[in-house]
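Engineer: File data38.csv follows (CSV, C-alpha atoms):
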```
chain,number,residue,atom,x,y,z
M,1,MET,CA,-23.2,1.5,16.3
M,2,GLU,CA,-23.2,0.3,12.7
M,3,ARG,CA,-21.0,3.1,11.5
M,4,ALA,CA,-18.3,2.3,14.0
M,5,ALA,CA,-18.2,-1.3,12.7
M,6,VAL,CA,-17.3,0.1,9.2
M,7,LEU,CA,-14.9,2.8,10.3
M,8,GLY,CA,-13.3,1.2,13.4
M,9,ARG,CA,-9.9,2.4,14.3
M,10,LEU,CA,-7.0,0.0,14.4
M,11,THR,CA,-6.9,-2.3,17.3
M,12,TRP,CA,-4.3,-4.9,18.4
M,13,ARG,CA,-5.3,-8.5,18.3
M,14,LEU,CA,-3.6,-11.8,19.1
M,15,ALA,CA,-2.3,-14.0,16.4
M,16,GLU,CA,-1.2,-17.6,17.2
M,17,VAL,CA,1.7,-19.0,15.4
M,18,ALA,CA,0.5,-22.2,13.6
M,19,ASP,CA,3.8,-22.9,11.9
M,20,ILE,CA,7.2,-21.3,11.0
M,21,VAL,CA,8.7,-22.1,7.6
M,22,ALA,CA,12.3,-21.3,6.8
M,23,GLU,CA,12.6,-19.5,3.5
M,24,THR,CA,16.4,-18.7,3.5
M,25,ALA,CA,19.1,-18.6,6.1
M,26,ARG,CA,17.8,-15.2,7.2
M,27,ALA,CA,14.1,-15.2,6.3
M,28,ALA,CA,11.2,-17.2,7.6
M,29,THR,CA,7.4,-17.3,7.0
M,30,LEU,CA,5.2,-17.1,10.1
M,31,VAL,CA,1.9,-18.8,9.5
M,32,LEU,CA,-0.6,-17.1,11.8
M,33,GLU,CA,-4.1,-18.0,12.9
M,34,VAL,CA,-6.0,-14.8,13.7
M,35,ASP,CA,-9.5,-14.8,15.2
M,36,GLY,CA,-11.7,-12.3,13.5
M,37,TRP,CA,-9.2,-11.3,10.9
M,38,PRO,CA,-11.1,-8.9,8.7
M,39,GLY,CA,-9.4,-9.9,5.4
M,40,HIS,CA,-6.8,-8.0,3.4
M,41,ARG,CA,-5.9,-6.9,-0.1
M,42,ALA,CA,-2.7,-8.1,-1.8
M,43,GLY,CA,0.2,-5.7,-1.0
M,44,GLN,CA,-1.0,-4.6,2.4
M,45,HIS,CA,1.0,-4.9,5.6
M,46,VAL,CA,0.4,-5.4,9.3
M,47,ASP,CA,2.1,-3.9,12.4
M,48,VAL,CA,3.6,-6.5,14.8
M,49,ARG,CA,4.1,-5.5,18.5
M,50,LEU,CA,6.3,-7.2,21.0
M,51,THR,CA,6.1,-6.5,24.7
M,52,ALA,CA,9.0,-7.3,27.1
M,53,GLU,CA,8.5,-8.4,30.6
M,54,ASP,CA,9.4,-5.0,31.9
M,55,GLY,CA,6.7,-3.5,29.6
M,56,TYR,CA,9.0,-2.1,26.9
M,57,GLN,CA,7.3,-2.3,23.6
M,58,ALA,CA,8.7,-2.4,20.0
M,59,GLN,CA,6.7,-2.6,16.8
M,60,ARG,CA,7.5,-3.0,13.2
M,61,SER,CA,5.6,-3.3,9.9
M,62,TYR,CA,5.7,-6.5,7.9
M,63,SER,CA,4.1,-7.1,4.5
M,64,ILE,CA,1.5,-9.8,4.2
M,65,ALA,CA,2.7,-12.7,2.1
M,66,SER,CA,-0.5,-14.7,1.8
M,67,ALA,CA,-3.2,-14.2,-0.7
M,68,PRO,CA,-6.5,-12.8,0.6
M,69,GLY,CA,-8.3,-16.1,0.0
M,70,GLU,CA,-6.0,-18.2,2.2
M,71,ARG,CA,-7.3,-19.4,5.5
M,72,VAL,CA,-4.2,-18.4,7.4
M,73,LEU,CA,-2.3,-15.1,7.5
M,74,ARG,CA,1.4,-15.5,6.4
M,75,LEU,CA,4.1,-12.9,7.1
M,76,THR,CA,7.6,-13.4,5.8
M,77,VAL,CA,10.2,-11.7,8.0
M,78,GLU,CA,13.9,-11.2,7.2
M,79,ARG,CA,16.2,-11.3,10.3
M,80,LEU,CA,18.3,-8.1,10.7
M,81,ASP,CA,21.1,-8.9,13.2
M,82,ASP,CA,20.9,-5.5,14.9
M,83,GLY,CA,17.1,-5.4,14.7
M,84,GLU,CA,14.8,-5.2,17.7
M,85,VAL,CA,12.0,-7.3,16.5
M,86,SER,CA,13.1,-9.5,13.6
M,87,PRO,CA,15.7,-11.6,15.5
M,88,TYR,CA,12.9,-12.6,17.9
M,89,LEU,CA,10.4,-13.4,15.1
M,90,VAL,CA,13.1,-15.4,13.2
M,91,GLY,CA,14.9,-17.4,15.8
M,92,GLU,CA,13.0,-17.2,19.1
M,93,LEU,CA,9.4,-17.5,18.2
M,94,ARG,CA,7.9,-21.0,18.4
M,95,ARG,CA,4.8,-22.7,17.1
M,96,GLY,CA,2.0,-22.1,19.6
M,97,ASP,CA,3.3,-18.8,20.7
M,98,SER,CA,1.2,-15.6,20.2
M,99,ILE,CA,2.2,-12.2,18.9
M,100,GLU,CA,0.2,-9.0,18.8
M,101,ILE,CA,-0.7,-7.7,15.3
M,102,ARG,CA,-2.9,-5.0,13.9
M,103,GLY,CA,-4.1,-4.4,10.4
M,104,PRO,CA,-4.3,-4.8,7.6
M,105,VAL,CA,-3.0,-1.3,6.9
M,106,GLY,CA,-2.1,0.6,3.7
M,107,GLY,CA,-4.5,1.2,0.9
M,108,TYR,CA,-2.0,2.4,-1.7
M,109,PHE,CA,0.4,-0.3,-2.4
M,110,VAL,CA,-2.3,-2.8,-3.4
M,111,TRP,CA,-3.2,-4.7,-6.5
M,112,GLU,CA,-6.7,-5.8,-7.3
M,113,PRO,CA,-7.6,-8.3,-10.0
M,114,GLY,CA,-9.8,-6.9,-12.7
M,115,ALA,CA,-7.6,-4.4,-14.5
M,116,ALA,CA,-6.4,-5.7,-17.8
M,117,GLN,CA,-3.2,-3.6,-17.8
M,118,PRO,CA,0.0,-5.6,-17.5
M,119,VAL,CA,1.8,-5.4,-14.2
M,120,LEU,CA,5.5,-5.0,-13.5
M,121,LEU,CA,6.7,-6.1,-10.1
M,122,VAL,CA,10.2,-5.1,-9.0
M,123,ALA,CA,11.7,-6.4,-5.8
M,124,GLY,CA,14.9,-6.0,-3.9
M,125,GLY,CA,15.5,-8.6,-1.2
M,126,SER,CA,12.6,-9.2,1.1
M,127,GLY,CA,10.7,-6.6,-0.9
M,128,VAL,CA,9.4,-9.6,-2.8
M,129,VAL,CA,6.9,-10.4,-0.1
M,130,PRO,CA,4.0,-8.1,-1.0
M,131,LEU,CA,4.7,-8.7,-4.6
M,132,ALA,CA,4.4,-12.5,-4.1
M,133,ALA,CA,1.0,-11.8,-2.4
M,134,MET,CA,0.0,-10.1,-5.7
M,135,LEU,CA,1.1,-13.1,-7.8
M,136,ARG,CA,-0.7,-15.4,-5.5
M,137,ARG,CA,-3.8,-13.3,-5.7
M,138,ARG,CA,-3.6,-13.5,-9.5
M,139,LEU,CA,-3.4,-17.3,-9.3
M,140,GLU,CA,-6.2,-17.6,-6.7
M,141,THR,CA,-8.6,-15.5,-8.7
M,142,GLY,CA,-7.7,-17.0,-12.1
M,143,ALA,CA,-7.0,-13.5,-13.5
M,144,ALA,CA,-5.3,-13.3,-16.8
M,145,THR,CA,-3.3,-10.1,-16.1
M,146,PRO,CA,0.2,-10.4,-17.5
M,147,MET,CA,2.7,-10.0,-14.7
M,148,LYS,CA,6.5,-9.8,-14.7
M,149,LEU,CA,8.6,-10.0,-11.6
M,150,LEU,CA,12.1,-8.5,-11.7
M,151,TYR,CA,13.8,-9.6,-8.5
M,152,SER,CA,17.2,-8.5,-7.3
M,153,SER,CA,19.0,-10.7,-4.8
M,154,ARG,CA,22.6,-10.8,-3.6
M,155,ALA,CA,22.9,-14.5,-4.3
M,156,PRO,CA,20.7,-17.4,-5.3
M,157,ALA,CA,20.6,-18.6,-1.6
M,158,ASP,CA,19.0,-15.3,-0.7
M,159,VAL,CA,16.0,-15.8,-3.0
M,160,ILE,CA,12.8,-16.0,-1.0
M,161,TYR,CA,10.1,-18.4,-2.3
M,162,ALA,CA,12.7,-19.8,-4.8
M,163,ASN,CA,10.8,-23.0,-5.6
M,164,GLU,CA,7.4,-21.3,-5.8
M,165,LEU,CA,8.8,-18.6,-8.1
M,166,GLU,CA,10.2,-21.3,-10.4
M,167,GLN,CA,6.7,-22.8,-10.7
M,168,LEU,CA,5.1,-19.4,-11.2
M,169,ALA,CA,7.4,-18.7,-14.1
M,170,ASP,CA,5.8,-21.6,-15.9
M,171,VAL,CA,2.3,-20.1,-15.6
M,172,ASP,CA,0.9,-18.5,-18.7
M,173,GLY,CA,1.3,-14.8,-18.5
M,174,ILE,CA,3.8,-14.8,-15.6
M,175,ASP,CA,7.5,-14.1,-16.1
M,176,VAL,CA,10.1,-14.1,-13.3
M,177,ILE,CA,13.5,-12.5,-14.0
M,178,HIS,CA,16.3,-12.7,-11.5
M,179,THR,CA,19.4,-10.5,-11.1
M,180,PHE,CA,22.2,-11.5,-8.7
M,181,THR,CA,24.3,-8.6,-7.4
M,182,ARG,CA,27.1,-10.5,-5.5
M,183,SER,CA,27.4,-14.1,-6.6
M,184,HIS,CA,25.6,-16.3,-9.1
M,185,PRO,CA,25.5,-19.9,-10.1
M,186,ASP,CA,28.1,-21.3,-12.5
M,187,GLY,CA,26.8,-21.0,-16.0
M,188,TRP,CA,24.3,-18.3,-15.1
M,189,GLU,CA,23.5,-16.3,-18.2
M,190,GLY,CA,21.0,-13.9,-16.6
M,191,TYR,CA,21.6,-10.5,-15.0
M,192,THR,CA,24.5,-10.0,-12.5
M,193,ARG,CA,24.2,-6.4,-11.5
M,194,ARG,CA,22.0,-4.0,-9.7
M,195,ILE,CA,18.8,-3.0,-11.5
M,196,ASP,CA,19.6,-0.1,-13.8
M,197,ALA,CA,17.9,1.8,-16.7
M,198,ALA,CA,19.3,-0.6,-19.3
M,199,MET,CA,17.8,-3.6,-17.5
M,200,LEU,CA,14.5,-1.9,-17.1
M,201,ALA,CA,14.4,-1.0,-20.7
M,202,GLU,CA,14.9,-4.7,-21.5
M,203,VAL,CA,12.5,-6.2,-19.0
M,204,ALA,CA,9.7,-3.6,-18.3
M,205,TRP,CA,6.5,-3.6,-20.3
M,206,PRO,CA,6.6,-0.7,-22.8
M,207,ALA,CA,5.0,2.4,-21.4
M,208,SER,CA,2.6,2.3,-24.4
M,209,GLN,CA,0.9,-0.7,-23.0
M,210,GLY,CA,-0.2,1.3,-20.0
M,211,PRO,CA,1.3,-0.9,-17.4
M,212,ALA,CA,1.1,-0.6,-13.6
M,213,ALA,CA,4.3,-0.9,-11.6
M,214,PHE,CA,4.8,-1.9,-8.0
M,215,VAL,CA,8.3,-1.5,-6.6
M,216,CYS,CA,9.3,-2.7,-3.1
M,217,GLY,CA,12.7,-3.0,-1.5
M,218,PRO,CA,15.4,-0.9,0.2
M,219,THR,CA,15.0,2.8,-0.3
M,220,ARG,CA,17.8,3.3,-2.7
M,221,LEU,CA,16.7,0.5,-5.0
M,222,VAL,CA,13.1,1.7,-4.9
M,223,GLU,CA,14.1,5.3,-5.8
M,224,ALA,CA,16.5,4.2,-8.6
M,225,VAL,CA,13.8,1.9,-10.1
M,226,ALA,CA,11.0,4.4,-9.9
M,227,ASP,CA,13.2,7.1,-11.4
M,228,GLY,CA,14.2,4.7,-14.2
M,229,LEU,CA,10.7,3.8,-15.0
M,230,VAL,CA,9.5,7.4,-15.1
M,231,ALA,CA,12.5,8.2,-17.3
M,232,GLY,CA,11.4,5.4,-19.6
M,233,GLY,CA,8.0,6.9,-20.0
M,234,TYR,CA,5.9,5.5,-17.2
M,235,PRO,CA,3.6,8.2,-15.8
M,236,PRO,CA,4.6,8.8,-12.1
M,237,ALA,CA,1.2,7.8,-10.9
M,238,SER,CA,1.5,4.4,-12.5
M,239,VAL,CA,4.6,3.6,-10.4
M,240,ARG,CA,3.6,2.6,-6.8
M,241,THR,CA,6.5,2.3,-4.3
M,242,GLU,CA,7.1,0.9,-0.9
M,243,ARG,CA,10.4,1.6,0.7
M,244,PHE,CA,11.8,-0.1,3.7
M,245,GLY,CA,14.9,1.2,5.5
M,246,PRO,CA,17.1,-0.7,8.0
M,247,THR,CA,14.7,0.3,10.7
M,248,GLY,CA,12.5,-2.5,9.4
M,249,GLY,CA,14.3,-4.8,11.9
L,1,MET,CA,24.2,5.1,8.3
L,2,HIS,CA,23.5,6.8,5.0
L,3,ASP,CA,20.7,9.3,5.2
L,4,ASP,CA,19.0,7.7,2.2
L,5,ASP,CA,18.5,4.5,4.2
L,6,LEU,CA,16.4,6.3,6.7
L,7,ARG,CA,14.0,7.6,4.2
L,8,LEU,CA,10.7,5.7,4.2
L,9,ASP,CA,7.4,6.5,2.7
L,10,GLY,CA,3.8,7.2,3.7
L,11,ASN,CA,3.1,3.4,3.7
L,12,SER,CA,5.1,3.1,6.8
L,13,ALA,CA,2.9,5.6,8.6
L,14,ALA,CA,-0.3,3.7,7.9
L,15,GLY,CA,-0.4,2.1,11.4
L,16,LEU,CA,0.4,5.4,13.2
L,17,PHE,CA,-2.4,7.3,11.3
L,18,GLY,CA,-4.6,4.3,11.9
L,19,GLU,CA,-4.3,4.9,15.7
L,20,LEU,CA,-5.8,8.4,15.2
L,21,PHE,CA,-8.1,8.2,12.2
L,22,ALA,CA,-10.9,5.9,11.3
L,23,VAL,CA,-10.1,6.0,7.6
L,24,ASP,CA,-7.0,4.9,5.8
L,25,LEU,CA,-5.1,8.1,5.3
L,26,THR,CA,-2.4,6.5,3.1
L,27,ALA,CA,-4.9,6.3,0.3
L,28,ALA,CA,-5.8,10.0,0.7
L,29,ARG,CA,-4.4,12.7,-1.6
L,30,CYS,CA,-2.8,15.6,0.1
L,31,ARG,CA,-1.5,19.0,-1.1
L,32,CYS,CA,1.8,20.4,0.0
L,33,ALA,CA,1.4,23.9,1.4
L,34,GLY,CA,5.0,24.7,0.3
L,35,CYS,CA,5.1,23.9,-3.4
L,36,GLY,CA,1.4,23.0,-4.1
L,37,ALA,CA,2.2,19.5,-5.4
L,38,THR,CA,-0.5,16.8,-4.7
L,39,GLU,CA,0.3,13.2,-4.1
L,40,GLN,CA,-1.2,10.2,-2.4
L,41,LEU,CA,0.0,10.3,1.2
L,42,ALA,CA,1.6,6.9,0.8
L,43,ALA,CA,4.0,8.3,-1.8
L,44,GLU,CA,5.3,11.1,0.4
L,45,VAL,CA,8.6,10.7,2.2
L,46,VAL,CA,8.6,9.7,5.9
L,47,TYR,CA,11.3,9.9,8.5
L,48,ALA,CA,10.4,7.8,11.5
L,49,HIS,CA,13.7,7.7,13.4
L,50,ALA,CA,13.3,11.1,15.0
L,51,PRO,CA,11.5,11.5,18.3
L,52,GLY,CA,8.5,11.8,16.2
L,53,THR,CA,7.4,10.9,12.7
L,54,VAL,CA,7.9,13.5,10.0
L,55,MET,CA,6.3,13.4,6.6
L,56,ARG,CA,7.9,15.5,4.0
L,57,CYS,CA,6.8,16.5,0.5
L,58,VAL,CA,8.4,14.1,-2.0
L,59,HIS,CA,8.8,17.0,-4.4
L,60,CYS,CA,10.1,19.9,-2.3
L,61,GLY,CA,11.0,18.5,1.1
L,62,ASN,CA,8.6,20.7,3.0
L,63,ALA,CA,7.6,19.2,6.4
L,64,MET,CA,3.9,18.5,5.7
L,65,ALA,CA,3.0,16.6,8.9
L,66,VAL,CA,4.6,15.8,12.2
L,67,VAL,CA,3.3,13.3,14.7
L,68,VAL,CA,4.8,12.9,18.2
L,69,HIS,CA,3.4,10.2,20.5
L,70,GLY,CA,4.3,10.0,24.2
L,71,SER,CA,3.3,10.7,27.8
L,72,GLY,CA,-0.3,9.7,27.0
L,73,ARG,CA,-1.0,12.0,24.1
L,74,TYR,CA,-0.5,12.5,20.4
L,75,TRP,CA,0.8,15.8,19.0
L,76,LEU,CA,-0.2,16.3,15.4
L,77,GLY,CA,1.1,19.2,13.3
L,78,VAL,CA,-0.2,19.6,9.8
L,79,SER,CA,0.7,23.2,8.9
L,80,GLY,CA,2.7,22.0,5.9
L,81,MET,CA,-0.4,20.5,4.2
L,82,SER,CA,-3.2,22.6,2.7
L,83,TRP,CA,-5.7,19.9,2.3
L,84,LEU,CA,-6.4,16.1,2.4
L,85,GLU,CA,-8.8,14.4,0.0
L,86,ILE,CA,-10.0,11.3,1.7
L,87,PRO,CA,-11.8,8.6,-0.3
L,88,GLU,CA,-15.0,7.4,1.4
L,89,PRO,CA,-14.4,3.9,2.7
L,90,ALA,CA,-16.2,1.1,1.0
L,91,SER,CA,-19.2,0.1,3.1
L,92,GLY,CA,-19.7,-3.4,4.4
```
Using C-alpha cells, write down the structure that the file contains.
Structural biologist:
Amino acid sequence: MERAAVLGRLTWRLAEVADIVAETARAATLVLEVDGWPGHRAGQHVDVRLTAEDGYQAQRSYSIASAPGERVLRLTVERLDDGEVSPYLVGELRRGDSIEIRGPVGGYFVWEPGAAQPVLLVAGGSGVVPLAAMLRRRLETGAATPMKLLYSSRAPADVIYANELEQLADVDGIDVIHTFTRSHPDGWEGYTRRIDAAMLAEVAWPASQGPAAFVCGPTRLVEAVADGLVAGGYPPASVRTERFGPTGG
Amino acid sequence: MHDDDLRLDGNSAAGLFGELFAVDLTAARCRCAGCGATEQLAAEVVYAHAPGTVMRCVHCGNAMAVVVHGSGRYWLGVSGMSWLEIPEPASG
C-alpha cells in the first residue's frame, strides 16, 4: 500500500553504536548507524528504548545532534545520576552495541534553510543539542541565514561542543555568546548570570527584523526566555520552545 | 522536586502520539475547549509523570488531552479540545 509507506506509524528500529565521543564529564555523543533511517530535519528528536533482561522497558527522548546530510545519526546525551536511561547510554554502552530507537519525531521545533529571517538560538545546558543541529544544517546547506546562539552553562567545562562552537563563531553570519552561571575563567569579560531580560535586549535580534527564535533547555529557563522575548516584542508564534524536565534522564 | 520542573511541552508527546496516529500531531493546531485559544500542539504544556500523559492548555491550564497506556490498550480522552487542524503530510 503506497499510502502506508507515506503515513506509516512509528516503529522501533535497531541502531548500532559506531562510536562514542565524550563531550564533557557528563555528556557524550553516540554515533549511530541506522539501517533504513528515513532522514530527519534539524531540531527533531528520537525516542530511545532500553529493555532489561526481565523485560522491563524504559524510554526517553533525545534530540538529534547531527545535520540531516550526515551519513550517521548522532545523539548527544547528558548523564543524570538518578536517571533510568542516561547513565546506561553514557557509561555502560559500548561501540558495537545496539539500542532501539524510533523517529524522527516532532515537526514543530525544526529549522529549515530558505527563510531569510535571522535566527536566535537560546540554549541552557544540553538544550544546545538540537540548536547545534540547526547550525550544522546551515553550514551544510551554505545558507546565509544570520544566526546567533546564546548559550547558558554552569561553567566552561560544561559547554558541549566547545571547540566546534569556537570555530562556528568565526563563520560569517554566526555569533556565539556564552553566559556562565556558576564559575567562569579568569579574565572572562562576558556574561556571568542567568539569562534575563537585560541580556536578551543586548543579544537578541531586534523584533523589527522579524527574527525566528528557538529556545531549548530546562523548563524554567525556557519559560523565562520565551516570556522575555515576547515582552521584548517578539510575536509569540515566532518563539518556538522545547522544554526538558529532570525526567529526561 | 519543583512542580515547574515537571512541566514539559507537546514536543515530548511526539513519540506517544506517533504510536497512535499516522501523522505528526505536534505540528497540528488545536483549540482549547476551555478558553478557546489555539496553539500548535507542541507548544501546549505536558505532564508526563502521572500514570498517564496529560496535555494542558498553555493559556488556561484546561486538561485538553489525556493518554493512558497499559494492559494492552490505550485510553485517549480529548474532551478538553474542540478541534485539531492537521497539516497534510508532504508526500514522498
Engineer: Please identify all polymer residues within 8 Å of M:Phe180, counting all atoms listed in the file, omitting same-chain residues fewer than 6 positions from it, and present them as a PyMOL selection string.
Structural biologist: chain M and resi 152-156+191-194
Engineer: Any idea what the distance is between atom CA of L:Leu25 and atom CA of M:Val105?
Structural biologist: 9.8 Å
Engineer: Given the point (-0.8, -11.9, -2.0) in the file's coordinates, find the residues that have an atom at most 6 Å from it, counting all atoms listed in the file, and give them as a list in words.
Structural biologist: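 Output of the proximity query reads Ala42, Ala65, Ser66, Ala67, Ala132, Ala133, Met134, Arg136 and Arg137 of chain M.
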Engineer: Would you write out, as a tab-separated table, a table of all residues in chain L that have an atom no more than 8 Å from an atom of chain M, listing for each the closest atom pair and the distance in Å to one decimal, considering all atoms listed in the file and ordering rows by chain and rising residue number?
Structural biologist:
```
residue	atom	partner	partner_atom	distance
L:Asp4	CA	M:Arg220	CA	6.7
L:Asp5	CA	M:Gly245	CA	5.1
L:Leu6	CA	M:Gly245	CA	5.4
L:Arg7	CA	M:Gly245	CA	6.6
L:Leu8	CA	M:Arg243	CA	5.4
L:Asp9	CA	M:Arg243	CA	6.1
L:Asn11	CA	M:Gly106	CA	5.9
L:Ser12	CA	M:Ser61	CA	7.1
L:Ala14	CA	M:Gly106	CA	5.5
L:Gly15	CA	M:Val105	CA	6.2
L:Gly18	CA	M:Leu10	CA	5.5
L:Glu19	CA	M:Leu10	CA	5.7
L:Leu20	CA	M:Arg9	CA	7.3
L:Phe21	CA	M:Arg9	CA	6.4
L:Ala22	CA	M:Arg9	CA	4.7
L:Val23	CA	M:Leu7	CA	6.4
L:Asp24	CA	M:Gly107	CA	6.6
L:Thr26	CA	M:Gly106	CA	5.9
L:Ala27	CA	M:Gly107	CA	5.2
L:Gln40	CA	M:Tyr108	CA	7.9
L:Ala42	CA	M:Tyr108	CA	6.3
L:Ala43	CA	M:Thr241	CA	7.0
L:His49	CA	M:Thr247	CA	7.9
L:Pro89	CA	M:Leu7	CA	7.7
L:Ser91	CA	M:Val6	CA	6.4
L:Gly92	CA	M:Val6	CA	6.4
```
Engineer: Can you work out which one of L:Ala50, L:Val58, L:Leu16, L:Leu41 has the shortest atom-to-atom distance to L:Glu85, counting all atoms listed in the file?
Structural biologist: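 Selected residue with least distance to L:Glu85: L:Leu41.
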Engineer: Under the rule that only C-alpha atoms are counted, which of M:Leu149, M:Val72, M:Val122, M:Leu93 is the nearest residue to M:Glu166?
Structural biologist: M:Leu149
Engineer: Could you tell me how far atom CA of M:Arg49 sits from atom CA of L:Gly70, in Å to one decimal place?
Structural biologist: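 One can read the atom CA of L:Gly70 to atom CA of M:Arg49 distance as 16.5 Å.
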Engineer: In Å, how far is it from atom CA of L:Trp75 to atom CA of L:Tyr47?
Structural biologist: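 The value is 16.0 Å.
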Engineer: Point out the residue among M:Asp97, M:Asp35, M:Glu112, M:Glu189 with the least atom-to-atom distance to M:Ala18, counting all atoms listed in the file.
Structural biologist: M:Asp97
Engineer: Using only C-alpha atoms, pick whichever of M:Leu200, M:Leu32, M:Cys216, M:Leu120 has the shortest atom-to-atom distance to M:Pro146.
Structural biologist: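 Residue with the minimum atom-to-atom distance to M:Pro146: M:Leu120.
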Engineer: Tell me which protein, DNA and RNA residues are within 10 Å of L:Val68, counting only C-alpha atoms, leaving out same-chain ones fewer than 4 positions away, and put them as a compact mmCIF listing (two decimals) with C-alpha atoms, keeping the file's coordinate frame.
Structural biologist:
```txt
# COMPACT_ATOMS: atom_id res chain seq x y z
CA ALA L 50 13.30 11.10 15.00
CA PRO L 51 11.50 11.50 18.30
CA GLY L 52 8.50 11.80 16.20
CA THR L 53 7.40 10.90 12.70
CA VAL L 54 7.90 13.50 10.00
CA ARG L 73 -1.00 12.00 24.10
CA TYR L 74 -0.50 12.50 20.40
CA TRP L 75 0.80 15.80 19.00
CA LEU L 76 -0.20 16.30 15.40
CA GLY L 77 1.10 19.20 13.30
```
Engineer: Which residues are close to L:Arg31, i.e. within 7 Å by only C-alpha atoms, leaving aside same-chain residues fewer than 3 positions away? Reply as an mmCIF file with C-alpha atoms, in the frame of the given file.
Structural biologist:
```cif
data_model
loop_
_atom_site.group_PDB
_atom_site.id
_atom_site.type_symbol
_atom_site.label_atom_id
_atom_site.label_comp_id
_atom_site.auth_asym_id
_atom_site.auth_seq_id
_atom_site.Cartn_x
_atom_site.Cartn_y
_atom_site.Cartn_z
ATOM 1 C CA GLY L 36 1.400 23.000 -4.100
ATOM 2 C CA ALA L 37 2.200 19.500 -5.400
ATOM 3 C CA THR L 38 -0.500 16.800 -4.700
ATOM 4 C CA GLU L 39 0.300 13.200 -4.100
ATOM 5 C CA MET L 81 -0.400 20.500 4.200
ATOM 6 C CA SER L 82 -3.200 22.600 2.700
ATOM 7 C CA TRP L 83 -5.700 19.900 2.300
ATOM 8 C CA LEU L 84 -6.400 16.100 2.400
#
```
Engineer: Under the rule that all atoms listed in the file are counted, which of L:Met55, L:Ser71, L:Asn62, L:Ala33 is the nearest residue to L:Phe17?
Structural biologist: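 Of L:Met55, L:Ser71, L:Asn62, L:Ala33, the one nearest L:Phe17, counting all atoms listed in the file, is L:Met55.
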Engineer: Tell me, as a VMD selection string, which residues lie within 10 Å of M:Gly91, counting only C-alpha atoms; anything in the same chain fewer than 6 positions away does not count.
Structural biologist: chain M and resid 20 26 to 28 79
Engineer: Just the selected residues (C-alpha atoms), exported as an mmCIF file, keeping the file's coordinate frame, please.
Structural biologist:
```cif
data_model
loop_
_atom_site.group_PDB
_atom_site.id
_atom_site.type_symbol
_atom_site.label_atom_id
_atom_site.label_comp_id
_atom_site.auth_asym_id
_atom_site.auth_seq_id
_atom_site.Cartn_x
_atom_site.Cartn_y
_atom_site.Cartn_z
ATOM 1 C CA ILE M 20 7.200 -21.300 11.000
ATOM 2 C CA ARG M 26 17.800 -15.200 7.200
ATOM 3 C CA ALA M 27 14.100 -15.200 6.300
ATOM 4 C CA ALA M 28 11.200 -17.200 7.600
ATOM 5 C CA ARG M 79 16.200 -11.300 10.300
#
```
Engineer: Step by step: start from the point (0.0, 3.1, -22.2) in the file's coordinates, keep every protein, DNA or RNA residue that has an atom no farther than 10 Å from it, count all atoms listed in the file, and write the set as a PyMOL selection string.
Structural biologist: chain M and resi 117-118+205-212+233-235+238
Engineer: Go through M:Val222, M:Val129, M:Ala15, M:Ala169 one by one, measure the shortest atom-to-atom distance of each to M:Arg95 using all atoms listed in the file, and give the residue with the smallest value.
Structural biologist: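 Among M:Val222, M:Val129, M:Ala15, M:Ala169, it is M:Ala15 that comes nearest to M:Arg95.
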Engineer: Start from the incomplete input, build N, CA and C atoms for stretch 67-79 of chain L, and deliver everything as a compact mmCIF listing (two decimals), keeping the file's coordinate frame.
Structural biologist:
```txt
# COMPACT_ATOMS: atom_id res chain seq x y z
N VAL L 67 4.06 13.92 13.66
CA VAL L 67 3.30 13.30 14.70
C VAL L 67 4.28 12.86 15.82
N VAL L 68 4.01 13.29 17.03
CA VAL L 68 4.80 12.90 18.20
C VAL L 68 3.85 12.17 19.15
N HIS L 69 4.27 11.01 19.62
CA HIS L 69 3.40 10.20 20.50
C HIS L 69 4.19 9.97 21.80
N GLY L 70 3.61 10.29 22.92
CA GLY L 70 4.30 10.00 24.20
C GLY L 70 3.53 10.64 25.33
N SER L 71 3.86 10.19 26.54
CA SER L 71 3.30 10.70 27.80
C SER L 71 1.74 10.79 27.66
N GLY L 72 1.17 9.79 27.03
CA GLY L 72 -0.30 9.70 27.00
C GLY L 72 -1.02 10.60 26.09
N ARG L 73 -0.31 11.18 25.12
CA ARG L 73 -1.00 12.00 24.10
C ARG L 73 -0.31 11.96 22.80
N TYR L 74 -1.04 12.35 21.77
CA TYR L 74 -0.50 12.50 20.40
C TYR L 74 -0.40 14.02 20.15
N TRP L 75 0.64 14.43 19.49
CA TRP L 75 0.80 15.80 19.00
C TRP L 75 0.87 15.76 17.53
N LEU L 76 -0.08 16.39 16.87
CA LEU L 76 -0.20 16.30 15.40
C LEU L 76 -0.07 17.69 14.81
N GLY L 77 0.97 17.92 14.03
CA GLY L 77 1.10 19.20 13.30
C GLY L 77 0.96 19.01 11.84
N VAL L 78 0.10 19.80 11.23
CA VAL L 78 -0.20 19.60 9.80
C VAL L 78 -0.09 20.96 9.04
N SER L 79 0.72 21.87 9.57
CA SER L 79 0.70 23.20 8.90
C SER L 79 1.34 23.18 7.55
```
